[in-house]
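With mmCIF, C-alpha atoms and all ligand atoms inside, this is query-v5.cif:
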```cif
data_protein
#
loop_
_atom_site.label_atom_id
_atom_site.label_comp_id
_atom_site.auth_asym_id
_atom_site.auth_seq_id
_atom_site.Cartn_x
_atom_site.Cartn_y
_atom_site.Cartn_z
CA MET A 1 -17.22 15.77 1.45
CA ALA A 2 -17.91 12.13 2.35
CA GLU A 3 -19.44 11.75 5.81
CA THR A 4 -16.72 9.38 6.95
CA VAL A 5 -13.92 11.76 5.97
CA LYS A 6 -15.83 14.57 7.67
CA ALA A 7 -16.07 12.49 10.85
CA ILE A 8 -12.36 11.70 10.73
CA LEU A 9 -11.43 15.34 10.24
CA GLY A 10 -13.74 16.30 13.10
CA ARG A 11 -11.73 14.13 15.46
CA HIS A 12 -8.50 16.04 14.79
CA ARG A 13 -7.31 19.57 15.53
CA ARG A 14 -6.88 21.89 12.55
CA SER A 15 -3.12 21.79 12.91
CA ARG A 16 -0.31 20.62 10.69
CA ASP A 17 0.61 18.20 13.49
CA SER A 18 -2.64 16.39 12.75
CA LEU A 19 -1.70 15.61 9.16
CA ILE A 20 -0.11 12.18 9.72
CA PRO A 21 -2.79 10.98 12.19
CA ILE A 22 -5.52 12.10 9.75
CA LEU A 23 -3.82 10.33 6.84
CA GLN A 24 -3.50 7.19 8.97
CA ASP A 25 -7.20 7.29 9.88
CA VAL A 26 -8.28 7.81 6.25
CA GLN A 27 -5.96 5.02 5.08
CA LYS A 28 -7.36 2.70 7.79
CA GLU A 29 -10.96 3.51 6.86
CA PHE A 30 -10.70 3.32 3.05
CA GLY A 31 -7.51 1.36 2.45
CA TYR A 32 -6.05 4.27 0.49
CA ILE A 33 -5.95 8.06 0.20
CA SER A 34 -8.23 9.09 -2.67
CA PRO A 35 -7.85 12.41 -4.55
CA ASP A 36 -11.09 13.59 -2.91
CA SER A 37 -9.84 12.71 0.58
CA LEU A 38 -6.57 14.48 -0.17
CA ALA A 39 -8.48 17.61 -1.19
CA ASP A 40 -10.67 17.43 1.95
CA ILE A 41 -7.61 17.09 4.19
CA SER A 42 -5.92 19.95 2.38
CA ARG A 43 -8.92 22.26 2.93
CA HIS A 44 -9.32 21.19 6.56
CA LEU A 45 -5.70 21.89 7.47
CA LYS A 46 -5.31 24.87 5.12
CA LEU A 47 -2.34 23.21 3.42
CA SER A 48 -1.89 22.88 -0.32
CA GLU A 49 -2.77 19.52 -1.89
CA ASN A 50 0.84 19.33 -3.08
CA GLU A 51 2.05 19.62 0.48
CA VAL A 52 -0.36 16.97 1.76
CA PHE A 53 0.58 14.63 -1.09
CA GLY A 54 4.29 15.37 -0.56
CA VAL A 55 4.11 14.32 3.08
CA ALA A 56 1.88 11.29 2.41
CA SER A 57 3.99 9.99 -0.47
CA PHE A 58 7.10 10.09 1.73
CA TYR A 59 5.71 7.25 3.82
CA ALA A 60 5.35 3.77 2.36
CA GLN A 61 2.32 3.09 4.58
CA PHE A 62 0.06 5.30 2.47
CA ARG A 63 -1.49 4.14 -0.80
CA PHE A 64 -3.05 6.32 -3.48
CA THR A 65 -4.89 3.68 -5.46
CA THR A 66 -7.76 1.43 -4.40
CA PRO A 67 -6.52 -1.76 -2.77
CA GLY A 68 -6.98 -5.02 -4.67
CA ARG A 69 -8.84 -8.04 -3.30
CA HIS A 70 -5.42 -9.57 -2.59
CA SER A 71 -2.31 -7.76 -1.41
CA VAL A 72 1.06 -8.93 -2.67
CA ARG A 73 4.16 -7.79 -0.77
CA VAL A 74 7.54 -8.68 -2.25
CA CYS A 75 10.43 -8.37 0.18
CA LEU A 76 13.49 -6.58 -1.08
CA GLY A 77 15.39 -6.47 2.20
CA THR A 78 19.06 -7.44 1.97
CA ALA A 79 18.62 -11.21 2.50
CA CYS A 80 15.73 -11.45 0.06
CA HIS A 81 17.39 -9.16 -2.47
CA VAL A 82 20.54 -11.32 -2.46
CA ARG A 83 18.42 -14.44 -3.04
CA GLY A 84 16.46 -13.09 -6.00
CA GLY A 85 13.82 -10.74 -4.56
CA ALA A 86 14.20 -8.31 -7.47
CA THR A 87 13.52 -11.09 -9.98
CA LEU A 88 10.40 -12.03 -8.03
CA LEU A 89 9.26 -8.42 -8.09
CA ASP A 90 9.84 -8.28 -11.86
CA THR A 91 7.83 -11.48 -12.22
CA VAL A 92 4.85 -9.99 -10.40
CA GLN A 93 5.08 -6.65 -12.18
CA THR A 94 5.30 -8.26 -15.59
CA GLY A 95 2.73 -10.96 -14.83
CA LEU A 96 0.15 -8.57 -13.43
CA GLY A 97 1.04 -5.56 -15.56
CA ILE A 98 1.36 -3.19 -12.60
CA GLU A 99 4.10 -1.30 -10.79
CA CYS A 100 4.65 -1.12 -7.03
CA GLY A 101 1.84 0.88 -5.43
CA GLY A 102 -0.52 -0.14 -8.23
CA THR A 103 -3.67 -2.24 -8.44
CA THR A 104 -4.63 -4.47 -11.37
CA ALA A 105 -7.47 -3.20 -13.58
CA ASP A 106 -9.71 -6.03 -12.35
CA GLU A 107 -8.85 -5.08 -8.73
CA ARG A 108 -7.64 -8.60 -8.10
CA PHE A 109 -4.18 -7.67 -6.78
CA ASP A 110 -2.32 -4.71 -5.40
CA LEU A 111 1.44 -4.74 -5.16
CA GLU A 112 4.00 -3.25 -2.78
CA ARG A 113 7.67 -3.84 -2.12
CA VAL A 114 8.73 -4.05 1.50
CA ALA A 115 12.09 -3.67 3.22
CA CYS A 116 12.09 -6.76 5.48
CA LEU A 117 9.32 -9.02 6.68
CA GLY A 118 11.37 -10.22 9.63
CA CYS A 119 11.94 -13.80 8.46
CA CYS A 120 15.20 -13.44 6.53
CA ALA A 121 16.17 -17.10 7.06
CA LEU A 122 13.22 -18.02 4.82
CA SER A 123 14.28 -15.70 2.00
CA PRO A 124 13.30 -14.90 -0.61
CA VAL A 125 9.93 -14.13 0.90
CA VAL A 126 6.63 -12.98 -0.59
CA GLN A 127 3.57 -12.14 1.50
CA ILE A 128 0.06 -12.48 0.08
CA ASP A 129 -2.88 -11.31 2.20
CA GLY A 130 -0.65 -11.46 5.26
CA LYS A 131 0.49 -15.05 4.66
CA ILE A 132 4.23 -15.57 4.29
CA PHE A 133 5.54 -17.74 1.46
CA SER A 134 9.17 -18.76 1.93
CA LYS A 135 12.03 -19.68 -0.40
CA VAL A 136 9.89 -18.56 -3.31
CA SER A 137 11.00 -19.31 -6.86
CA VAL A 138 9.71 -17.63 -10.02
CA ASN A 139 7.74 -20.79 -10.88
CA LYS A 140 6.25 -21.06 -7.40
CA LEU A 141 5.26 -17.39 -7.46
CA THR A 142 3.64 -17.72 -10.88
CA GLU A 143 1.61 -20.68 -9.61
CA LEU A 144 0.67 -18.83 -6.42
CA LEU A 145 -0.70 -15.85 -8.32
CA LYS A 146 -2.95 -18.14 -10.40
CA PHE A 147 -4.41 -19.54 -7.17
CA TYR A 148 -5.84 -16.20 -5.99
CA GLU A 149 -9.08 -14.96 -7.51
S1 LIG A 201 15.09 -9.39 4.05
FE1 LIG A 201 13.28 -10.36 3.42
S2 LIG A 201 12.50 -11.13 5.28
FE2 LIG A 201 14.23 -10.02 5.90
#
```
As structure tokens, the full file:
Amino acid sequence: MAETVKAILGRHRRSRDSLIPILQDVQKEFGYISPDSLADISRHLKLSENEVFGVASFYAQFRFTTPGRHSVRVCLGTACHVRGGATLLDTVQTGLGIECGGTTADERFDLERVACLGCCALSPVVQIDGKIFSKVSVNKLTELLKFYE
């Protein structure tokens, strides 16, 4: 077991109630929940790996693949969806060859869809590394993705 995971587990009670806080700490430390971390958590809490994965996969905040150097978040909230958010998501998925929750093979980008970034008046919105890009078109998005190495 990795020392960091061991330290995280040591900070929490061996109780099912600790599952979410442990997952949050592991996600914060590593940026994702690896298969090894999942197994360690499972053993620590005496829950099956299926159960741990089932709970973790219910929440969008947890990732199961290594994060990329750049994080792309495409908003598919109502305002963004109406103004072409799904087309933008298709553009990223096709352009990068990954699905939501995935990371490109060169670890350049990871991709998530989000429900609303809280700036609907600027829709459709894409967030890259925390920066909001507003009124994004397919062409603008394609150019943006080229800009990030
Ligand atoms: S729906 Fe996209 S920012 Fe609100």
Centre, x/y/z edge lengths, axis-aligned box for ligand LIG 201 (chain A) with 3 Å per side, as AutoDock Vina command-line options:
```
--center_x 13.8 --center_y -10.3 --center_z 4.7 --size_x 8.6 --size_y 7.7 --size_z 8.5
```
>> Within 12 Å of ligand LIG 201 (chain A) (counting all atoms listed in the file), which residues show up? I'd like them as a PyMOL selection string.
In response: chain A and resi 73-86+88+113-127+132-136
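CA of Phe53 in chain A is found 21.4 Å from CA of Gly68 in chain A.
Shortest atom-to-atom contact with Arg69 in chain A among A:Asn139, A:Gln27, A:Ser15, A:Thr103: A:Thr103, counting only C-alpha atoms.
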> Between A:Val138, A:Leu145, A:Ala7, A:Ile41, which is the closest to Arg108 in chain A once you count only C-alpha atoms?
Replying inline: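 Checking each candidate against Arg108 in chain A, we get A:Leu145 as the closest.
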> Between CA of Val26 in chain A and CA of Val92 in chain A, what is the spacing in Å?
Replying inline: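 We find that CA of Val92 in chain A and CA of Val26 in chain A lie 27.7 Å from each other.
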> CA of Asp36 in chain A to CA of Gly97 in chain A: how many Å, to one decimal?
Replying inline: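 A separation of 26.0 Å between them.
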>> Restricting the calculation to all atoms listed in the file: of A:Arg13, A:Leu45, A:Glu51, A:Pro67, which residue gets closest to Glu112 in chain A?
In response: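 Comparing A:Arg13, A:Leu45, A:Glu51, A:Pro67 against Glu112 in chain A, the winner is A:Pro67.
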> Counting only C-alpha atoms, what is within 9 Å of Arg14 in chain A, bar same-chain residues fewer than 3 positions away, as a PyMOL selection string?
Replying inline: chain A and resi 9-10+17-19+44-46
If we count only C-alpha atoms, what is near range 20-23 of chain A at a cut-off of 10 Å, once residues fewer than 4 positions away on the same chain are taken out, given as a short mmCIF file (atom, residue, chain, number, x, y, z; two decimals) with C-alpha atoms, in the coordinates of the input?
```cif
data_model
loop_
_atom_site.label_atom_id
_atom_site.label_comp_id
_atom_site.auth_asym_id
_atom_site.auth_seq_id
_atom_site.Cartn_x
_atom_site.Cartn_y
_atom_site.Cartn_z
CA VAL A 5 -13.92 11.76 5.97
CA ILE A 8 -12.36 11.70 10.73
CA LEU A 9 -11.43 15.34 10.24
CA GLY A 10 -13.74 16.30 13.10
CA ARG A 11 -11.73 14.13 15.46
CA HIS A 12 -8.50 16.04 14.79
CA ARG A 13 -7.31 19.57 15.53
CA ARG A 16 -0.31 20.62 10.69
CA GLN A 27 -5.96 5.02 5.08
CA LYS A 28 -7.36 2.70 7.79
CA GLU A 29 -10.96 3.51 6.86
CA TYR A 32 -6.05 4.27 0.49
CA ILE A 33 -5.95 8.06 0.20
CA SER A 37 -9.84 12.71 0.58
CA LEU A 38 -6.57 14.48 -0.17
CA ILE A 41 -7.61 17.09 4.19
CA VAL A 52 -0.36 16.97 1.76
CA VAL A 55 4.11 14.32 3.08
CA ALA A 56 1.88 11.29 2.41
CA TYR A 59 5.71 7.25 3.82
CA GLN A 61 2.32 3.09 4.58
CA PHE A 62 0.06 5.30 2.47
#
```
> Out of A:Phe64, A:Pro35, A:Gln24, A:Glu107, which residue has the shortest atom-to-atom distance to Glu49 in chain A when counting only C-alpha atoms?
Replying inline: A:Pro35
Close residues, Leu96 in chain A itself excluded, 12 Å, only C-alpha atoms, min 3 positions apart in chain, as a tab-separated table (two decimals) with C-alpha atoms, in the coordinates of the input:
```tsv
chain	number	residue	atom	x	y	z
A	68	GLY	CA	-6.98	-5.02	-4.67
A	72	VAL	CA	1.06	-8.93	-2.67
A	89	LEU	CA	9.26	-8.42	-8.09
A	90	ASP	CA	9.84	-8.28	-11.86
A	91	THR	CA	7.83	-11.48	-12.22
A	92	VAL	CA	4.85	-9.99	-10.40
A	93	GLN	CA	5.08	-6.65	-12.18
A	99	GLU	CA	4.10	-1.30	-10.79
A	100	CYS	CA	4.65	-1.12	-7.03
A	102	GLY	CA	-0.52	-0.14	-8.23
A	103	THR	CA	-3.67	-2.24	-8.44
A	104	THR	CA	-4.63	-4.47	-11.37
A	105	ALA	CA	-7.47	-3.20	-13.58
A	106	ASP	CA	-9.71	-6.03	-12.35
A	107	GLU	CA	-8.85	-5.08	-8.73
A	108	ARG	CA	-7.64	-8.60	-8.10
A	109	PHE	CA	-4.18	-7.67	-6.78
A	110	ASP	CA	-2.32	-4.71	-5.40
A	111	LEU	CA	1.44	-4.74	-5.16
A	141	LEU	CA	5.26	-17.39	-7.46
A	142	THR	CA	3.64	-17.72	-10.88
A	145	LEU	CA	-0.70	-15.85	-8.32
A	146	LYS	CA	-2.95	-18.14	-10.40
```
>> Considering all atoms listed in the file, can you say which of A:Asn50, A:Thr66, A:Ser57, A:Ser137 comes closest to Thr87 in chain A?
In response: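 Distance minimum relative to Thr87 in chain A lands on A:Ser137.
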>> With distances taken over only C-alpha atoms, which residue among A:Gly54, A:Thr4, A:Ala60, A:Thr65 lies nearest Ser34 in chain A?
In response: A:Thr65
